[in-house]
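Structure data (mmCIF, C-alpha atoms and all ligand atoms) from structure25.cif:
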data_run
loop_
_atom_site.label_atom_id
_atom_site.label_comp_id
_atom_site.auth_asym_id
_atom_site.auth_seq_id
_atom_site.Cartn_x
_atom_site.Cartn_y
_atom_site.Cartn_z
CA MET A 1 190.19 45.44 211.68
CA MET A 2 186.58 46.53 211.61
CA HIS A 3 185.98 50.12 210.60
CA LEU A 4 184.82 52.19 213.59
CA GLN A 5 181.90 54.52 213.05
CA PRO A 6 182.42 58.06 214.35
CA ILE A 7 179.57 59.32 216.55
CA ASP A 8 179.01 62.32 218.82
CA THR A 9 178.37 60.52 222.10
CA LEU A 10 178.55 57.01 223.48
CA LEU A 11 176.67 56.72 226.74
CA GLU A 12 177.23 53.60 228.81
CA ALA A 13 175.21 52.83 231.89
CA ARG A 14 174.51 50.12 234.42
CA TRP A 15 170.86 50.05 233.37
CA ILE A 16 168.95 51.44 230.42
CA ILE A 17 165.16 51.52 230.66
CA PRO A 18 163.93 52.34 227.17
CA VAL A 19 160.17 52.36 228.10
CA GLU A 20 159.30 51.25 224.56
CA PRO A 21 158.33 48.67 223.44
CA GLU A 22 158.17 47.64 227.12
CA VAL A 23 159.45 49.13 230.35
CA ASP A 24 162.26 46.55 230.48
CA VAL A 25 165.68 46.92 232.05
CA LEU A 26 168.72 46.46 229.83
CA THR A 27 171.85 45.76 231.85
CA GLU A 28 175.33 46.96 230.76
CA HIS A 29 174.14 48.53 227.54
CA ALA A 30 175.18 51.70 225.72
CA ILE A 31 173.37 54.34 223.70
CA ALA A 32 175.05 55.64 220.55
CA ILE A 33 174.05 59.24 219.85
CA HIS A 34 174.75 61.16 216.67
CA ASP A 35 173.28 64.34 215.20
CA GLY A 36 170.85 64.56 218.12
CA LEU A 37 169.39 61.13 217.48
CA ILE A 38 169.67 57.75 219.12
CA GLN A 39 171.55 55.59 216.62
CA ALA A 40 171.45 52.32 218.52
CA ILE A 41 171.14 50.74 221.94
CA VAL A 42 173.46 47.74 222.18
CA PRO A 43 175.53 45.84 224.78
CA ILE A 44 178.57 47.86 225.90
CA ALA A 45 181.15 45.48 224.37
CA GLU A 46 179.44 45.66 221.00
CA ALA A 47 179.15 49.47 221.19
CA ARG A 48 182.89 49.80 221.88
CA SER A 49 183.71 47.64 218.89
CA ARG A 50 181.41 49.61 216.59
CA TYR A 51 181.77 53.27 217.48
CA ILE A 52 184.41 55.92 217.99
CA PRO A 53 182.70 58.68 219.95
CA SER A 54 183.76 62.31 220.35
CA SER A 55 182.40 62.11 223.88
CA HIS A 56 182.42 58.87 225.85
CA VAL A 57 180.31 58.97 229.03
CA VAL A 58 180.48 56.04 231.42
CA LEU A 59 177.83 56.00 234.13
CA LYS A 60 178.59 52.91 236.19
CA GLN A 61 175.99 53.35 238.93
CA HIS A 62 173.22 54.92 236.93
CA ALA A 63 169.87 54.17 235.36
CA ILE A 64 169.14 55.84 232.05
CA ILE A 65 165.54 56.68 231.25
CA PRO A 66 163.78 58.74 228.59
CA GLY A 67 163.65 62.39 229.69
CA LEU A 68 160.55 63.05 231.79
CA ILE A 69 157.71 64.95 230.14
CA ASN A 70 155.82 67.48 232.23
CA LEU A 71 152.44 67.51 230.50
CA HIS A 72 150.94 70.55 232.22
CA THR A 73 152.70 73.58 233.62
CA HIS A 74 152.87 77.35 233.68
CA ALA A 75 156.64 77.70 233.75
CA ALA A 76 156.91 81.41 234.53
CA MET A 77 154.82 80.96 237.68
CA THR A 78 157.96 79.75 239.48
CA LEU A 79 158.30 83.43 240.43
CA MET A 80 155.05 83.09 242.40
CA ARG A 81 156.10 79.93 244.25
CA GLY A 82 154.72 80.10 247.77
CA LEU A 83 153.09 83.49 247.21
CA ALA A 84 149.70 82.25 248.38
CA ASP A 85 149.12 78.79 249.82
CA ASP A 86 146.43 76.83 251.64
CA LEU A 87 143.56 78.28 249.62
CA PRO A 88 140.91 76.74 247.34
CA LEU A 89 141.40 77.24 243.58
CA MET A 90 138.96 80.08 242.96
CA THR A 91 140.01 82.13 246.00
CA TRP A 92 143.66 81.49 245.18
CA LEU A 93 143.15 82.54 241.56
CA LYS A 94 140.81 85.48 242.00
CA GLN A 95 142.27 87.07 245.13
CA TYR A 96 145.96 86.38 244.70
CA ILE A 97 147.19 85.03 241.38
CA TRP A 98 145.14 87.07 238.90
CA PRO A 99 145.73 90.42 240.66
CA THR A 100 149.48 89.70 240.89
CA GLU A 101 149.57 88.72 237.24
CA ALA A 102 147.67 91.85 236.23
CA LYS A 103 150.14 94.01 238.10
CA PHE A 104 153.48 92.39 237.34
CA VAL A 105 153.46 89.92 234.47
CA ASP A 106 155.31 91.19 231.43
CA GLU A 107 157.85 89.82 228.99
CA ARG A 108 160.69 90.08 231.45
CA PHE A 109 158.70 88.25 234.13
CA VAL A 110 157.94 85.41 231.73
CA ARG A 111 161.49 85.28 230.46
CA GLU A 112 163.07 85.09 233.91
CA GLY A 113 160.37 82.88 235.41
CA THR A 114 160.67 80.42 232.53
CA GLN A 115 164.47 80.35 232.91
CA LEU A 116 164.06 79.48 236.58
CA ALA A 117 161.54 76.77 235.68
CA CYS A 118 163.82 75.34 232.98
CA ALA A 119 166.67 75.14 235.49
CA GLU A 120 164.48 73.38 238.05
CA MET A 121 163.08 71.00 235.46
CA LEU A 122 166.49 70.10 234.00
CA LYS A 123 167.86 69.41 237.48
CA GLY A 124 164.87 67.13 238.00
CA GLY A 125 165.32 65.15 234.79
CA ILE A 126 162.53 66.83 232.80
CA THR A 127 163.40 67.27 229.13
CA CYS A 128 160.07 68.46 227.76
CA PHE A 129 157.15 70.45 229.10
CA ASN A 130 153.73 71.54 227.95
CA ASP A 131 153.42 75.20 228.87
CA MET A 132 150.53 77.63 229.09
CA TYR A 133 151.14 81.25 230.02
CA PHE A 134 151.07 84.89 228.94
CA PHE A 135 153.84 86.20 226.65
CA PRO A 136 154.56 82.76 225.16
CA ALA A 137 157.13 84.33 222.81
CA ALA A 138 159.38 85.01 225.80
CA ALA A 139 158.95 81.40 226.96
CA ALA A 140 159.70 80.05 223.47
CA GLU A 141 162.86 82.13 223.27
CA VAL A 142 164.09 80.87 226.64
CA VAL A 143 163.35 77.24 225.79
CA ALA A 144 165.16 77.51 222.45
CA GLU A 145 168.14 79.18 224.16
CA CYS A 146 168.53 76.74 227.02
CA GLY A 147 167.84 73.70 224.87
CA LEU A 148 164.84 71.94 226.39
CA ARG A 149 161.93 70.71 224.36
CA ALA A 150 158.51 72.28 224.88
CA GLY A 151 154.98 72.48 223.65
CA ILE A 152 154.43 76.21 223.87
CA GLY A 153 150.81 77.09 224.63
CA LEU A 154 149.35 79.87 222.52
CA VAL A 155 147.25 81.08 225.40
CA VAL A 156 143.77 82.49 224.86
CA ILE A 157 141.49 84.06 227.48
CA ASP A 158 138.37 86.10 226.87
CA PHE A 159 139.65 89.00 228.90
CA LEU A 160 142.21 91.72 228.73
CA SER A 161 145.72 91.23 230.11
CA ALA A 162 149.04 93.03 229.74
CA TYR A 163 149.71 90.52 226.94
CA ALA A 164 146.62 90.88 224.78
CA SER A 165 143.40 92.88 224.52
CA ASP A 166 140.83 90.27 223.47
CA ALA A 167 140.55 86.72 222.16
CA ASP A 168 141.39 87.72 218.57
CA ASP A 169 144.48 89.53 219.78
CA TYR A 170 145.61 86.49 221.79
CA LEU A 171 145.09 84.27 218.74
CA ALA A 172 146.83 86.64 216.33
CA LYS A 173 149.84 86.95 218.64
CA GLY A 174 149.95 83.21 219.19
CA LEU A 175 149.81 82.36 215.50
CA ALA A 176 152.47 84.96 214.68
CA LEU A 177 154.71 83.31 217.27
CA ARG A 178 154.16 79.90 215.72
CA ASP A 179 155.14 81.32 212.34
CA GLN A 180 158.44 82.51 213.81
CA TYR A 181 159.57 78.94 214.49
CA PRO A 182 158.72 76.78 211.50
CA GLN A 183 160.11 73.25 211.86
CA HIS A 184 162.03 74.12 215.00
CA PRO A 185 163.80 71.03 216.38
CA LEU A 186 162.69 71.69 219.98
CA LEU A 187 159.54 73.77 219.88
CA THR A 188 156.02 72.71 219.03
CA PHE A 189 152.90 74.76 219.66
CA CYS A 190 149.50 74.09 221.18
CA LEU A 191 146.42 76.27 221.10
CA ALA A 192 145.77 76.92 224.77
CA PRO A 193 142.35 78.27 225.71
CA HIS A 194 142.76 78.71 229.48
CA ALA A 195 139.55 77.02 230.68
CA SER A 196 135.90 76.51 229.87
CA TYR A 197 134.95 79.27 232.35
CA SER A 198 137.39 81.85 230.94
CA VAL A 199 136.79 81.30 227.20
CA GLY A 200 133.39 81.64 225.51
CA ASP A 201 131.78 79.54 222.75
CA LYS A 202 132.70 81.95 219.96
CA THR A 203 136.41 81.79 220.77
CA LEU A 204 136.34 78.04 221.39
CA THR A 205 134.77 77.51 217.96
CA LYS A 206 137.51 79.56 216.31
CA ILE A 207 140.10 77.48 218.15
CA ILE A 208 138.57 74.22 216.91
CA THR A 209 138.77 75.46 213.31
CA LEU A 210 142.35 76.64 213.72
CA ALA A 211 143.41 73.40 215.40
CA GLU A 212 142.02 71.42 212.48
CA GLN A 213 143.51 73.70 209.84
CA LEU A 214 146.95 73.86 211.42
CA GLN A 215 146.97 70.36 212.96
CA LEU A 216 147.76 71.72 216.41
CA PRO A 217 147.04 70.13 219.79
CA VAL A 218 144.69 72.02 222.12
CA HIS A 219 145.59 72.38 225.80
CA ILE A 220 142.90 73.40 228.32
CA HIS A 221 142.08 73.15 232.05
CA LEU A 222 138.98 70.99 232.34
CA HIS A 223 136.75 69.71 235.15
CA GLU A 224 139.28 70.84 237.72
CA THR A 225 136.81 71.78 240.46
CA GLN A 226 133.21 71.20 241.42
CA ASP A 227 132.74 75.00 241.31
CA GLU A 228 133.75 75.06 237.64
CA ILE A 229 131.10 72.46 236.85
CA GLU A 230 128.38 74.21 238.85
CA GLU A 231 129.23 77.58 237.31
CA GLY A 232 129.11 75.97 233.86
CA LEU A 233 125.74 74.40 234.59
CA ALA A 234 124.36 77.72 235.88
CA ASN A 235 125.65 79.73 232.90
CA THR A 236 125.09 77.34 230.02
CA GLY A 237 122.86 74.56 231.33
CA LEU A 238 125.63 72.11 230.51
CA ARG A 239 128.55 70.57 232.34
CA PRO A 240 131.77 71.92 230.74
CA LEU A 241 132.68 68.62 229.09
CA ALA A 242 129.19 68.33 227.54
CA ARG A 243 129.43 71.91 226.31
CA LEU A 244 132.84 71.25 224.73
CA GLN A 245 131.54 68.04 223.20
CA GLN A 246 128.63 69.94 221.68
CA LEU A 247 131.05 72.46 220.19
CA GLY A 248 133.06 69.63 218.63
CA PHE A 249 136.01 70.34 220.89
CA ILE A 250 136.78 66.83 222.19
CA GLY A 251 139.09 64.80 219.97
CA PRO A 252 142.51 63.19 219.67
CA ASN A 253 144.24 66.59 219.61
CA LEU A 254 142.84 67.61 223.02
CA ILE A 255 145.01 67.66 226.16
CA ALA A 256 142.71 68.21 229.14
CA ALA A 257 144.50 69.12 232.35
CA HIS A 258 143.11 67.81 235.65
CA MET A 259 139.83 66.04 234.68
CA ILE A 260 138.88 65.39 238.28
CA HIS A 261 135.09 65.47 238.52
CA LEU A 262 133.86 63.01 235.91
CA THR A 263 130.91 60.68 235.65
CA ASP A 264 131.42 57.20 234.17
CA GLU A 265 129.50 58.38 231.13
CA GLU A 266 131.85 61.34 230.68
CA ILE A 267 134.87 59.06 230.94
CA GLY A 268 133.33 56.85 228.25
CA ILE A 269 132.71 59.81 225.96
CA PHE A 270 136.18 61.25 226.47
CA SER A 271 137.72 57.88 225.67
CA GLN A 272 135.53 57.41 222.60
CA TYR A 273 136.70 60.76 221.20
CA GLY A 274 140.37 59.94 221.90
CA GLY A 275 141.22 62.88 224.20
CA HIS A 276 144.33 62.94 226.42
CA VAL A 277 144.54 63.77 230.12
CA ALA A 278 147.30 65.62 232.00
CA HIS A 279 147.08 64.29 235.55
CA CYS A 280 148.42 66.77 238.15
CA PRO A 281 148.07 64.99 241.49
CA THR A 282 149.98 67.38 243.79
CA SER A 283 148.32 70.56 242.55
CA ASN A 284 144.91 68.90 242.75
CA LEU A 285 145.51 67.83 246.34
CA LYS A 286 147.00 71.13 247.46
CA LEU A 287 144.12 73.19 246.09
CA ALA A 288 141.74 70.53 247.49
CA SER A 289 140.26 70.19 244.00
CA GLY A 290 140.07 66.41 244.33
CA VAL A 291 141.71 63.41 242.66
CA SER A 292 141.36 62.51 239.00
CA PRO A 293 139.86 59.03 238.46
CA ILE A 294 142.83 58.01 236.33
CA THR A 295 142.41 54.30 237.00
CA ASN A 296 139.01 54.45 235.30
CA LEU A 297 140.33 56.71 232.54
CA LEU A 298 143.22 54.31 231.87
CA GLN A 299 140.87 51.30 231.97
CA GLN A 300 138.72 52.99 229.34
CA GLY A 301 141.80 53.40 227.14
CA VAL A 302 142.39 57.13 227.69
CA ASN A 303 146.01 58.23 227.29
CA VAL A 304 147.02 59.80 230.63
CA GLY A 305 150.28 61.72 231.08
CA ILE A 306 151.51 63.51 234.20
CA GLY A 307 152.07 67.21 234.90
CA THR A 308 153.25 69.33 237.78
CA ASP A 309 151.01 72.34 237.08
CA GLY A 310 152.61 75.70 237.90
CA ALA A 311 154.93 76.27 240.85
CA ALA A 312 152.37 78.62 242.39
CA SER A 313 150.08 75.67 243.09
CA ASN A 314 152.41 72.71 243.46
CA ASN A 315 155.02 74.15 244.58
CA ARG A 316 157.65 71.91 242.95
CA LEU A 317 158.21 71.12 239.29
CA ASP A 318 159.16 67.62 240.32
CA MET A 319 158.05 64.75 238.13
CA PHE A 320 159.56 62.12 240.45
CA GLU A 321 157.18 63.27 243.14
CA GLU A 322 154.25 63.32 240.70
CA MET A 323 154.99 59.79 239.44
CA ARG A 324 155.12 58.44 242.95
CA LEU A 325 152.01 60.28 244.06
CA ALA A 326 150.07 59.22 240.96
CA ALA A 327 150.87 55.58 241.70
CA LEU A 328 150.09 55.83 245.43
CA LEU A 329 146.81 57.72 244.99
CA ALA A 330 145.58 55.25 242.39
CA LYS A 331 146.29 52.37 244.77
CA GLY A 332 144.76 54.07 247.80
CA ILE A 333 141.60 55.05 245.96
CA SER A 334 141.05 51.74 244.19
CA GLY A 335 141.85 49.72 247.31
CA LYS A 336 144.05 47.53 245.13
CA ALA A 337 147.82 47.62 245.54
CA GLU A 338 148.32 46.26 242.03
CA THR A 339 146.73 49.39 240.50
CA LEU A 340 149.11 51.65 238.58
CA PRO A 341 152.35 49.70 239.00
CA ALA A 342 155.73 51.46 238.80
CA ARG A 343 156.23 50.55 235.15
CA GLN A 344 152.97 52.18 234.18
CA ALA A 345 153.79 55.31 236.21
CA LEU A 346 157.12 55.67 234.37
CA ARG A 347 155.41 55.22 231.02
CA MET A 348 152.86 57.89 231.93
CA ALA A 349 155.64 60.33 232.87
CA THR A 350 157.43 59.78 229.56
CA LEU A 351 155.83 58.16 226.52
CA ASN A 352 152.21 59.05 227.36
CA GLY A 353 153.16 62.73 227.62
CA ALA A 354 154.84 62.60 224.22
CA LYS A 355 151.77 60.91 222.76
CA ALA A 356 149.48 63.63 224.11
CA LEU A 357 151.69 66.30 222.54
CA GLY A 358 151.75 64.43 219.23
CA ILE A 359 155.54 64.05 219.39
CA ASN A 360 155.86 60.37 220.32
CA HIS A 361 157.65 59.76 217.01
CA ILE A 362 160.35 62.17 218.28
CA THR A 363 160.63 61.60 222.03
CA GLY A 364 159.18 59.81 225.07
CA SER A 365 161.18 56.59 224.82
CA LEU A 366 164.68 55.41 224.00
CA VAL A 367 164.43 53.91 220.55
CA ALA A 368 166.80 54.16 217.59
CA GLY A 369 165.71 57.01 215.36
CA LYS A 370 164.15 59.10 218.14
CA ALA A 371 165.78 62.22 219.57
CA ALA A 372 168.32 61.64 222.32
CA ASP A 373 166.21 63.09 225.15
CA ILE A 374 167.78 61.27 228.05
CA THR A 375 167.91 61.45 231.85
CA ALA A 376 170.51 59.69 234.00
CA VAL A 377 169.71 58.87 237.61
CA ASP A 378 172.59 58.16 239.97
CA PHE A 379 171.88 55.08 242.08
CA SER A 380 175.06 55.26 244.18
CA ASP A 381 173.35 56.87 247.17
CA LEU A 382 172.60 54.76 250.25
CA THR A 383 168.90 55.56 249.90
CA LEU A 384 168.81 53.54 246.69
CA THR A 385 170.52 50.42 248.03
CA PRO A 386 169.97 47.56 247.75
CA CYS A 387 168.41 47.59 244.30
CA TYR A 388 166.39 44.58 243.13
CA ASP A 389 164.57 46.52 240.43
CA PRO A 390 165.65 49.96 239.21
CA VAL A 391 162.14 50.78 237.92
CA SER A 392 160.74 50.27 241.41
CA HIS A 393 163.37 52.64 242.81
CA LEU A 394 162.72 55.27 240.13
CA VAL A 395 159.09 55.52 241.16
CA TYR A 396 159.09 54.65 244.87
CA ALA A 397 162.54 55.50 246.24
CA ALA A 398 164.48 57.91 244.03
CA GLY A 399 164.10 61.68 244.00
CA ARG A 400 165.00 64.40 241.58
CA GLU A 401 168.16 65.08 243.60
CA GLN A 402 169.54 61.85 242.16
CA VAL A 403 169.35 63.12 238.57
CA SER A 404 172.93 63.59 237.41
CA HIS A 405 172.85 64.14 233.64
CA VAL A 406 170.30 65.29 231.07
CA TRP A 407 170.55 65.39 227.30
CA VAL A 408 167.97 66.94 224.99
CA ASN A 409 168.23 66.32 221.28
CA GLY A 410 171.68 64.86 221.94
CA ARG A 411 172.95 67.98 223.69
CA LEU A 412 174.21 67.70 227.26
CA LEU A 413 172.24 70.23 229.36
CA LEU A 414 172.93 68.88 232.86
CA ASP A 415 176.46 67.63 233.42
CA ASN A 416 176.99 65.88 236.73
CA ARG A 417 174.29 68.06 238.35
CA GLU A 418 175.67 71.28 236.83
CA LEU A 419 173.52 73.29 234.44
CA VAL A 420 175.30 73.81 231.13
CA THR A 421 173.13 76.46 229.44
CA LEU A 422 171.80 78.40 232.45
CA LYS A 423 173.70 80.33 235.12
CA GLU A 424 172.49 79.69 238.66
CA VAL A 425 173.90 82.97 240.00
CA GLU A 426 171.84 84.90 237.48
CA LEU A 427 168.71 82.90 238.29
CA HIS A 428 169.12 83.68 242.00
CA SER A 429 169.47 87.38 241.32
CA HIS A 430 166.39 87.45 239.03
CA ALA A 431 164.32 85.60 241.61
CA ALA A 432 165.42 88.05 244.32
CA TYR A 433 164.43 90.99 242.12
CA TRP A 434 160.93 89.60 241.53
CA GLN A 435 160.45 88.58 245.14
CA LYS A 436 161.13 92.16 246.16
CA ARG A 437 158.72 93.55 243.56
CA LEU A 438 155.92 91.04 244.25
CA SER A 439 156.23 91.59 248.00
CA SER A 440 155.85 95.34 247.71
ZN ZN B 501 147.23 74.72 235.29
#
The structure in this file should be written as structure tokens.
Amino acid sequence: MMHLQPIDTLLEARWIIPVEPEVDVLTEHAIAIHDGLIQAIVPIAEARSRYIPSSHVVLKQHAIIPGLINLHTHAAMTLMRGLADDLPLMTWLKQYIWPTEAKFVDERFVREGTQLACAEMLKGGITCFNDMYFFPAAAAEVVAECGLRAGIGLVVIDFLSAYASDADDYLAKGLALRDQYPQHPLLTFCLAPHASYSVGDKTLTKIITLAEQLQLPVHIHLHETQDEIEEGLANTGLRPLARLQQLGFIGPNLIAAHMIHLTDEEIGIFSQYGGHVAHCPTSNLKLASGVSPITNLLQQGVNVGIGTDGAASNNRLDMFEEMRLAALLAKGISGKAETLPARQALRMATLNGAKALGINHITGSLVAGKAADITAVDFSDLTLTPCYDPVSHLVYAAGREQVSHVWVNGRLLLDNRELVTLKEVELHSHAAYWQKRLSS
């Protein structure tokens, strides 16, 4: 008799969509998981003859995909969901969000808001997110506790907040946080200057040096609105992208969120320098900022991932919705139905996000040797029948409510729609507390 290899988990499913090397569909396959890593993806019969798992999960009606990667968010802003809607970005920010933040945001706010966001994201199949907010130490702690993966933004703004007094203080606090988690299995860090209009040249130059020295990605809001560009032109004589280019800011470690208002020349330059884009279609539509020309960016070879942005501007942290909207907008705008097919949308929501964060050797696809960051989608509902192609359904028909199981680094965090590491009762009571305070 052949010797059976003991492993932590054997996960069998109707379909496995590994995304890499191609977005193909493997039928009746299993994933062997051990020590947090994917050991192998093989046909079910072979897996059963090779492995003896501690946990054997059989998902007969499900599609397994790499965990979704939310490439741009402000997790703690879940506590401001629906606080101010139907407003343009600058009015929304200056009259509602910034004053609320100045009054209420502290460590507890960030801790409880991030917990709420993590719960929402896990229930929606998101295993990794790229965050940018005040008190990132509180966010990092929550992420490490509840077991997701995140790129924690070491936020920098050139003005005072409850979190830090000036740019140097933001940077010092951010770097101290990074030092607290050396080689953490789930946490990576990004330098996160908020935007070109809220961070001056001196600070941006420091950030470039630090990013090079420490090999960190840089996460910034860029070319989100026409106002931002006009303000930049008035203050510096340059469009923000040109100013950043002049400072030496554009490169393969840059994750630019939004990138809506771009000339063809700017797209060419951004591509040439190897920058990444976090496309946030819902937030951009809701704030009437516009639509990012991602078809052109993709054609020019730019790596484009997808983000939800914060729940104060979206108002859902729902990557299924973002995938679908990204695909539909690209088609509608190009006038070509073949633009941004479902397979490309799924790749953008997974592998492209990992690539932007510099962690595509760890996550973003289901490949032996990568971390077991896995989302299972239950296809048993009537709304997903019949099914000729599960990838089509994932992008055009399924919703986050069909996510049944989530593993991150091999650890089960959503078990048949139940959160394992977070308590919903507690999250409800925290949200109620903050609603009362923010309404007062
Ligand atoms: Zn944002």
Checklist entry - Counting only C-alpha atoms, what is within 8 Å of A:Lys60, bar same-chain residues fewer than 2 positions away, as a list in words? => result Glu12, Ala13, Arg14, Val58 and His62 of chain A
Next on the checklist: I'd like the contact shell of A:Gly358 - 10 Å cut-off, all atoms listed in the file, skipping same-chain residues fewer than 4 positions apart - returned as an MDAnalysis selection string.
Outcome noted: chainID A and resid 151 188 215:217 252:253 352:354 362:363
Next on the checklist: Within 9 Å of ligand ZN 501 (chain B) (counting all atoms listed in the file), which residues show up? I'd like them as a ChimeraX atom specification.
Outcome noted: /A:72-74,131-132,194,220-221,257-258,280,283,307-310,313
Next on the checklist: Applying 8 Å and only C-alpha atoms, which residues near stretch 48-56 of chain A remain after dropping the ones on its own chain fewer than 4 positions away? List them as a PyMOL selection string.
Outcome noted: chain A and resi 2-12+32+44
Next on the checklist: Between atom CA of A:Asp169 and atom CA of A:Val199, what is the distance in Å, rounded to a tenth?
Outcome noted: 13.5 Å
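From atom CA of A:Leu357 back to atom CA of A:Asn130, the distance works out to 7.8 Å.
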Checklist entry - Which residues, written as number ranges by chain, have at least one atom at most 8 Å from A:Gln435, with all atoms listed in the file counted and residues fewer than 4 positions away on the same chain left out? => result A: 79, 431, 439
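Atom CA of A:Ser365 lies 5.7 Å from atom CA of A:Glu20.
Within 6 Å of the point (141.1, 74.2, 225.4), counting only C-alpha atoms, the protein and nucleic acid residues come to Ala192, Pro193, Val218, His219 and Ile220 of chain A.
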Item to check | A:Ala40, A:Ala312, A:Leu254, A:Ile69 ranked by distance to A:Leu93, top pick (using all atoms listed in the file) | outcome: A:Ala312
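Each of A:Arg243, A:Lys103, A:Lys355, A:His428 was compared to A:Ile255 using only C-alpha atoms, and A:Lys355 turns out to be the nearest.
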Checklist entry - Could you name the residues that touch A:Glu228 at 8 Å or less, counting all atoms listed in the file, but leaving out those on the same chain fewer than 5 positions away, as a ChimeraX atom specification? => result /A:197,223,240
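Closest approach to A:Val395 among A:Ser429, A:Ser440, A:Gln344, A:Gln61 is made by A:Gln344 (distances from all atoms listed in the file).
Proximity ranking of A:Leu238, A:Pro18, A:Cys190, A:Ile157 relative to A:Lys202 places A:Ile157 first, based on all atoms listed in the file.
Closest approach to A:Met80 from the set A:Glu101, A:Asp168, A:Glu141, A:Asp35 is made by A:Glu101, with distances taken over all atoms listed in the file.
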Checklist outcome for this item: Using only C-alpha atoms, the residue out of A:Ala47, A:Phe104, A:Asn70, A:Pro293 with shortest distance to A:Leu438 is A:Phe104
Next on the checklist: Using only C-alpha atoms and a cutoff of 8 Å, can you tell me which residues are near (169.9, 61.1, 235.5) in the file's coordinates, and write them out as a ChimeraX atom specification?
Outcome noted: /A:62-65,125,374-378,402-406
